[in-house]
>>> print(open('data_15.pdb').read())   # PDB, C-alpha atoms
ATOM      1  CA  MET A 158    -112.264 -73.873  67.975  1.00  0.00           C
ATOM      2  CA  THR A 159    -115.699 -72.323  67.594  1.00  0.00           C
ATOM      3  CA  LYS A 160    -118.058 -73.691  65.008  1.00  0.00           C
ATOM      4  CA  PRO A 161    -118.675 -71.640  61.854  1.00  0.00           C
ATOM      5  CA  VAL A 162    -122.001 -69.873  61.441  1.00  0.00           C
ATOM      6  CA  PRO A 163    -123.772 -69.477  58.124  1.00  0.00           C
ATOM      7  CA  LEU A 164    -122.351 -66.621  56.109  1.00  0.00           C
ATOM      8  CA  MET A 165    -124.644 -63.605  55.819  1.00  0.00           C
ATOM      9  CA  SER A 166    -124.856 -61.320  52.829  1.00  0.00           C
ATOM     10  CA  ALA A 167    -123.404 -57.822  52.828  1.00  0.00           C
ATOM     11  CA  GLU A 168    -126.969 -56.494  52.704  1.00  0.00           C
ATOM     12  CA  GLU A 169    -128.015 -58.537  55.736  1.00  0.00           C
ATOM     13  CA  PHE A 170    -124.918 -57.366  57.618  1.00  0.00           C
ATOM     14  CA  ALA A 171    -125.710 -53.718  56.796  1.00  0.00           C
ATOM     15  CA  ASP A 172    -129.372 -54.153  57.796  1.00  0.00           C
ATOM     16  CA  ARG A 173    -128.420 -55.721  61.104  1.00  0.00           C
ATOM     17  CA  ALA A 174    -125.763 -53.066  61.779  1.00  0.00           C
ATOM     18  CA  ARG A 175    -128.268 -50.333  60.958  1.00  0.00           C
ATOM     19  CA  GLY A 176    -130.769 -51.874  63.373  1.00  0.00           C
ATOM     20  CA  ILE A 177    -128.155 -51.985  66.114  1.00  0.00           C
ATOM     21  CA  VAL A 178    -127.163 -48.321  65.816  1.00  0.00           C
ATOM     22  CA  GLU A 179    -130.809 -47.242  65.559  1.00  0.00           C
ATOM     23  CA  THR A 180    -131.858 -49.049  68.739  1.00  0.00           C
ATOM     24  CA  MET A 181    -128.774 -49.235  70.973  1.00  0.00           C
ATOM     25  CA  ARG A 182    -126.124 -46.938  72.417  1.00  0.00           C
ATOM     26  CA  GLY A 183    -122.819 -47.101  74.223  1.00  0.00           C
ATOM     27  CA  HIS A 184    -121.294 -50.405  75.198  1.00  0.00           C
ATOM     28  CA  VAL A 185    -124.481 -52.298  74.366  1.00  0.00           C
ATOM     29  CA  ALA A 186    -124.234 -51.157  70.733  1.00  0.00           C
ATOM     30  CA  HIS A 187    -120.482 -51.742  70.628  1.00  0.00           C
ATOM     31  CA  ARG A 188    -120.912 -55.270  71.963  1.00  0.00           C
ATOM     32  CA  ALA A 189    -123.709 -56.029  69.481  1.00  0.00           C
ATOM     33  CA  ILE A 190    -121.621 -54.824  66.526  1.00  0.00           C
ATOM     34  CA  ASP A 191    -118.607 -56.806  67.776  1.00  0.00           C
ATOM     35  CA  LEU A 192    -120.727 -59.956  68.029  1.00  0.00           C
ATOM     36  CA  LEU A 193    -122.188 -59.334  64.574  1.00  0.00           C
ATOM     37  CA  THR A 194    -118.772 -58.926  62.962  1.00  0.00           C
ATOM     38  CA  ASN A 195    -117.517 -61.927  64.912  1.00  0.00           C
ATOM     39  CA  ASP A 196    -120.329 -63.995  63.381  1.00  0.00           C
ATOM     40  CA  VAL A 197    -119.314 -62.847  59.903  1.00  0.00           C
ATOM     41  CA  LEU A 198    -115.699 -63.774  60.530  1.00  0.00           C
ATOM     42  CA  ARG A 199    -116.711 -67.163  61.950  1.00  0.00           C
ATOM     43  CA  GLY A 200    -118.730 -67.752  58.785  1.00  0.00           C
ATOM     44  CA  LEU A 201    -115.579 -67.077  56.785  1.00  0.00           C
ATOM     45  CA  GLY A 202    -113.673 -69.671  58.814  1.00  0.00           C
ATOM     46  CA  TYR A 203    -111.858 -67.381  61.263  1.00  0.00           C
ATOM     47  CA  GLY A 204    -113.514 -68.847  64.363  1.00  0.00           C
ATOM     48  CA  GLU A 205    -110.313 -69.707  66.182  1.00  0.00           C
ATOM     49  CA  GLY A 206    -109.020 -66.134  65.914  1.00  0.00           C
ATOM     50  CA  ILE A 207    -112.390 -64.754  67.018  1.00  0.00           C
ATOM     51  CA  GLU A 208    -112.329 -67.020  70.049  1.00  0.00           C
ATOM     52  CA  ILE A 209    -108.902 -65.621  70.964  1.00  0.00           C
ATOM     53  CA  PHE A 210    -110.202 -62.062  70.515  1.00  0.00           C
ATOM     54  CA  GLU A 211    -113.337 -62.653  72.593  1.00  0.00           C
ATOM     55  CA  ASN A 212    -111.355 -64.224  75.428  1.00  0.00           C
ATOM     56  CA  ALA A 213    -109.010 -61.231  75.485  1.00  0.00           C
ATOM     57  CA  VAL A 214    -111.537 -58.378  75.347  1.00  0.00           C
ATOM     58  CA  GLY A 215    -114.812 -59.803  76.627  1.00  0.00           C
ATOM     59  CA  HIS A 216    -114.487 -58.009  79.958  1.00  0.00           C
ATOM     60  CA  TRP A 217    -114.699 -54.630  78.206  1.00  0.00           C
ATOM     61  CA  HIS A 218    -118.290 -55.361  77.267  1.00  0.00           C
ATOM     62  CA  GLU A 219    -119.363 -55.793  80.864  1.00  0.00           C
ATOM     63  CA  ALA A 220    -118.853 -52.126  81.785  1.00  0.00           C
ATOM     64  CA  ASP A 221    -121.912 -49.871  81.879  1.00  0.00           C
ATOM     65  CA  PHE A 222    -120.154 -46.812  80.499  1.00  0.00           C
ATOM     66  CA  ILE A 223    -120.868 -44.776  77.382  1.00  0.00           C
ATOM     67  CA  TYR A 224    -118.635 -45.699  74.451  1.00  0.00           C
ATOM     68  CA  PRO A 225    -115.929 -44.795  73.733  1.00  0.00           C
ATOM     69  CA  HIS A 226    -114.440 -45.349  77.112  1.00  0.00           C
ATOM     70  CA  SER A 227    -111.323 -43.398  77.920  1.00  0.00           C
ATOM     71  CA  GLY A 228    -109.031 -44.241  80.754  1.00  0.00           C
ATOM     72  CA  PRO A 229    -108.267 -47.473  82.561  1.00  0.00           C
ATOM     73  CA  CYS A 230    -110.512 -50.472  82.040  1.00  0.00           C
ATOM     74  CA  PRO A 231    -113.260 -50.208  84.701  1.00  0.00           C
ATOM     75  CA  ASP A 232    -113.630 -53.981  84.925  1.00  0.00           C
ATOM     76  CA  CYS A 233    -109.898 -54.422  85.474  1.00  0.00           C
ATOM     77  CA  GLU A 234    -109.989 -51.746  88.173  1.00  0.00           C
ATOM     78  CA  ARG A 235    -112.826 -53.533  90.007  1.00  0.00           C
ATOM     79  CA  GLU A 236    -110.890 -56.804  89.867  1.00  0.00           C
ATOM     80  CA  ALA A 237    -107.758 -55.087  91.211  1.00  0.00           C
ATOM     81  CA  GLU A 238    -109.754 -53.508  94.059  1.00  0.00           C
ATOM     82  CA  ALA A 239    -111.291 -56.879  94.933  1.00  0.00           C
ATOM     83  CA  ARG A 240    -107.862 -58.537  94.978  1.00  0.00           C
ATOM     84  CA  ALA A 241    -106.444 -55.731  97.158  1.00  0.00           C
ATOM     85  CA  ALA A 242    -109.343 -56.050  99.615  1.00  0.00           C
ATOM     86  CA  ALA A 243    -108.919 -59.827  99.935  1.00  0.00           C
TER      87      ALA A 243
END
>>> encode(input="data_15.pdb", output="structure tokens")
Amino acid sequence: MTKPVPLMSAEEFADRARGIVETMRGHVAHRAIDLLTNDVLRGLGYGEGIEIFENAVGHWHEADFIYPHSGPCPDCEREAEARAAA
């Protein structure tokens, strides 16, 4: 289980979210907001569930595509192509 992080205030969360959307776009912004909300949930004691979530969807944050992405997962497609070529 992941260790809890200190709980942030609603104001701090909003300030950090505002900073993310003002300075980032696409998957970079999406990943930053996901990590921010994950930190909040860890601070509330939901670290084990967040760890499960991150393990399941982490590969989506590796794609360099504008959010929202529509269509098949590009990372999954690359992995399938690599397996087929092997």
>>> residues_around(input="data_15.pdb", residues="Gly176 in chain A", least_positions_apart="4", cutoff="12 Å", atoms="all atoms listed in the file", output="NGL selection string")
:A and (169-172 or 180-182 or 186 or 189-190 or 193)
>>> atom_distance(input="data_15.pdb", atom1="CA of Glu168 in chain A", atom2="CA of Val214 in chain A")
27.5 Å
>>> residues_near_point(input="data_15.pdb", point="(-122.6, -63.4, 56.7)", cutoff="10 Å", atoms="all atoms listed in the file", output="list in words")
Val162, Pro163, Leu164, Met165, Ser166, Ala167, Glu168, Glu169, Phe170, Leu193, Thr194, Asn195, Asp196, Val197, Leu198, Arg199, Gly200 and Leu201 of chain A
>>> atom_distance(input="data_15.pdb", atom1="CA of His187 in chain A", atom2="CA of Gly215 in chain A")
11.5 Å
>>> atom_distance(input="data_15.pdb", atom1="CA of Glu238 in chain A", atom2="CA of Asn212 in chain A")
21.6 Å
>>> decode(input="data_15.pdb", residues="range 161-206 of chain A", atoms="C-alpha atoms", output="mmCIF file, in the first residue's frame")
data_model
loop_
_atom_site.group_PDB
_atom_site.id
_atom_site.type_symbol
_atom_site.label_atom_id
_atom_site.label_comp_id
_atom_site.auth_asym_id
_atom_site.auth_seq_id
_atom_site.Cartn_x
_atom_site.Cartn_y
_atom_site.Cartn_z
ATOM 1 C CA PRO A 161 -0.482 8.695 2.778
ATOM 2 C CA VAL A 162 0.536 12.232 1.885
ATOM 3 C CA PRO A 163 -0.414 15.270 3.926
ATOM 4 C CA LEU A 164 -3.929 16.419 3.178
ATOM 5 C CA MET A 165 -4.142 19.690 1.257
ATOM 6 C CA SER A 166 -6.869 22.262 1.647
ATOM 7 C CA ALA A 167 -9.580 22.769 -0.948
ATOM 8 C CA GLU A 168 -8.020 26.156 -1.712
ATOM 9 C CA GLU A 169 -4.578 24.636 -2.264
ATOM 10 C CA PHE A 170 -6.099 21.962 -4.509
ATOM 11 C CA ALA A 171 -7.905 24.622 -6.577
ATOM 12 C CA ASP A 172 -4.748 26.759 -6.821
ATOM 13 C CA ARG A 173 -2.680 23.809 -7.976
ATOM 14 C CA ALA A 174 -5.358 22.703 -10.460
ATOM 15 C CA ARG A 175 -5.592 26.246 -11.804
ATOM 16 C CA GLY A 176 -1.817 26.346 -12.252
ATOM 17 C CA ILE A 177 -1.885 23.059 -14.134
ATOM 18 C CA VAL A 178 -4.553 24.128 -16.632
ATOM 19 C CA GLU A 179 -2.891 27.522 -17.120
ATOM 20 C CA THR A 180 0.517 26.047 -17.945
ATOM 21 C CA MET A 181 -0.106 22.596 -19.442
ATOM 22 C CA ARG A 182 -2.158 20.980 -22.192
ATOM 23 C CA GLY A 183 -3.180 17.565 -23.420
ATOM 24 C CA HIS A 184 -1.935 14.436 -21.732
ATOM 25 C CA VAL A 185 0.609 16.370 -19.678
ATOM 26 C CA ALA A 186 -2.203 18.356 -18.031
ATOM 27 C CA HIS A 187 -4.390 15.272 -17.658
ATOM 28 C CA ARG A 188 -1.563 13.367 -15.988
ATOM 29 C CA ALA A 189 -0.788 16.276 -13.643
ATOM 30 C CA ILE A 190 -4.434 16.580 -12.568
ATOM 31 C CA ASP A 191 -4.663 12.801 -12.080
ATOM 32 C CA LEU A 192 -1.553 12.848 -9.889
ATOM 33 C CA LEU A 193 -2.896 15.817 -7.928
ATOM 34 C CA THR A 194 -6.230 14.132 -7.237
ATOM 35 C CA ASN A 195 -4.407 10.906 -6.427
ATOM 36 C CA ASP A 196 -2.416 12.790 -3.779
ATOM 37 C CA VAL A 197 -5.639 14.124 -2.269
ATOM 38 C CA LEU A 198 -7.147 10.655 -2.143
ATOM 39 C CA ARG A 199 -3.965 9.219 -0.614
ATOM 40 C CA GLY A 200 -4.168 11.922 2.049
ATOM 41 C CA LEU A 201 -7.688 10.738 2.821
ATOM 42 C CA GLY A 202 -6.447 7.168 3.257
ATOM 43 C CA TYR A 203 -7.383 5.729 -0.147
ATOM 44 C CA GLY A 204 -3.801 4.909 -1.146
ATOM 45 C CA GLU A 205 -4.395 1.247 -1.872
ATOM 46 C CA GLY A 206 -7.194 2.031 -4.333
#
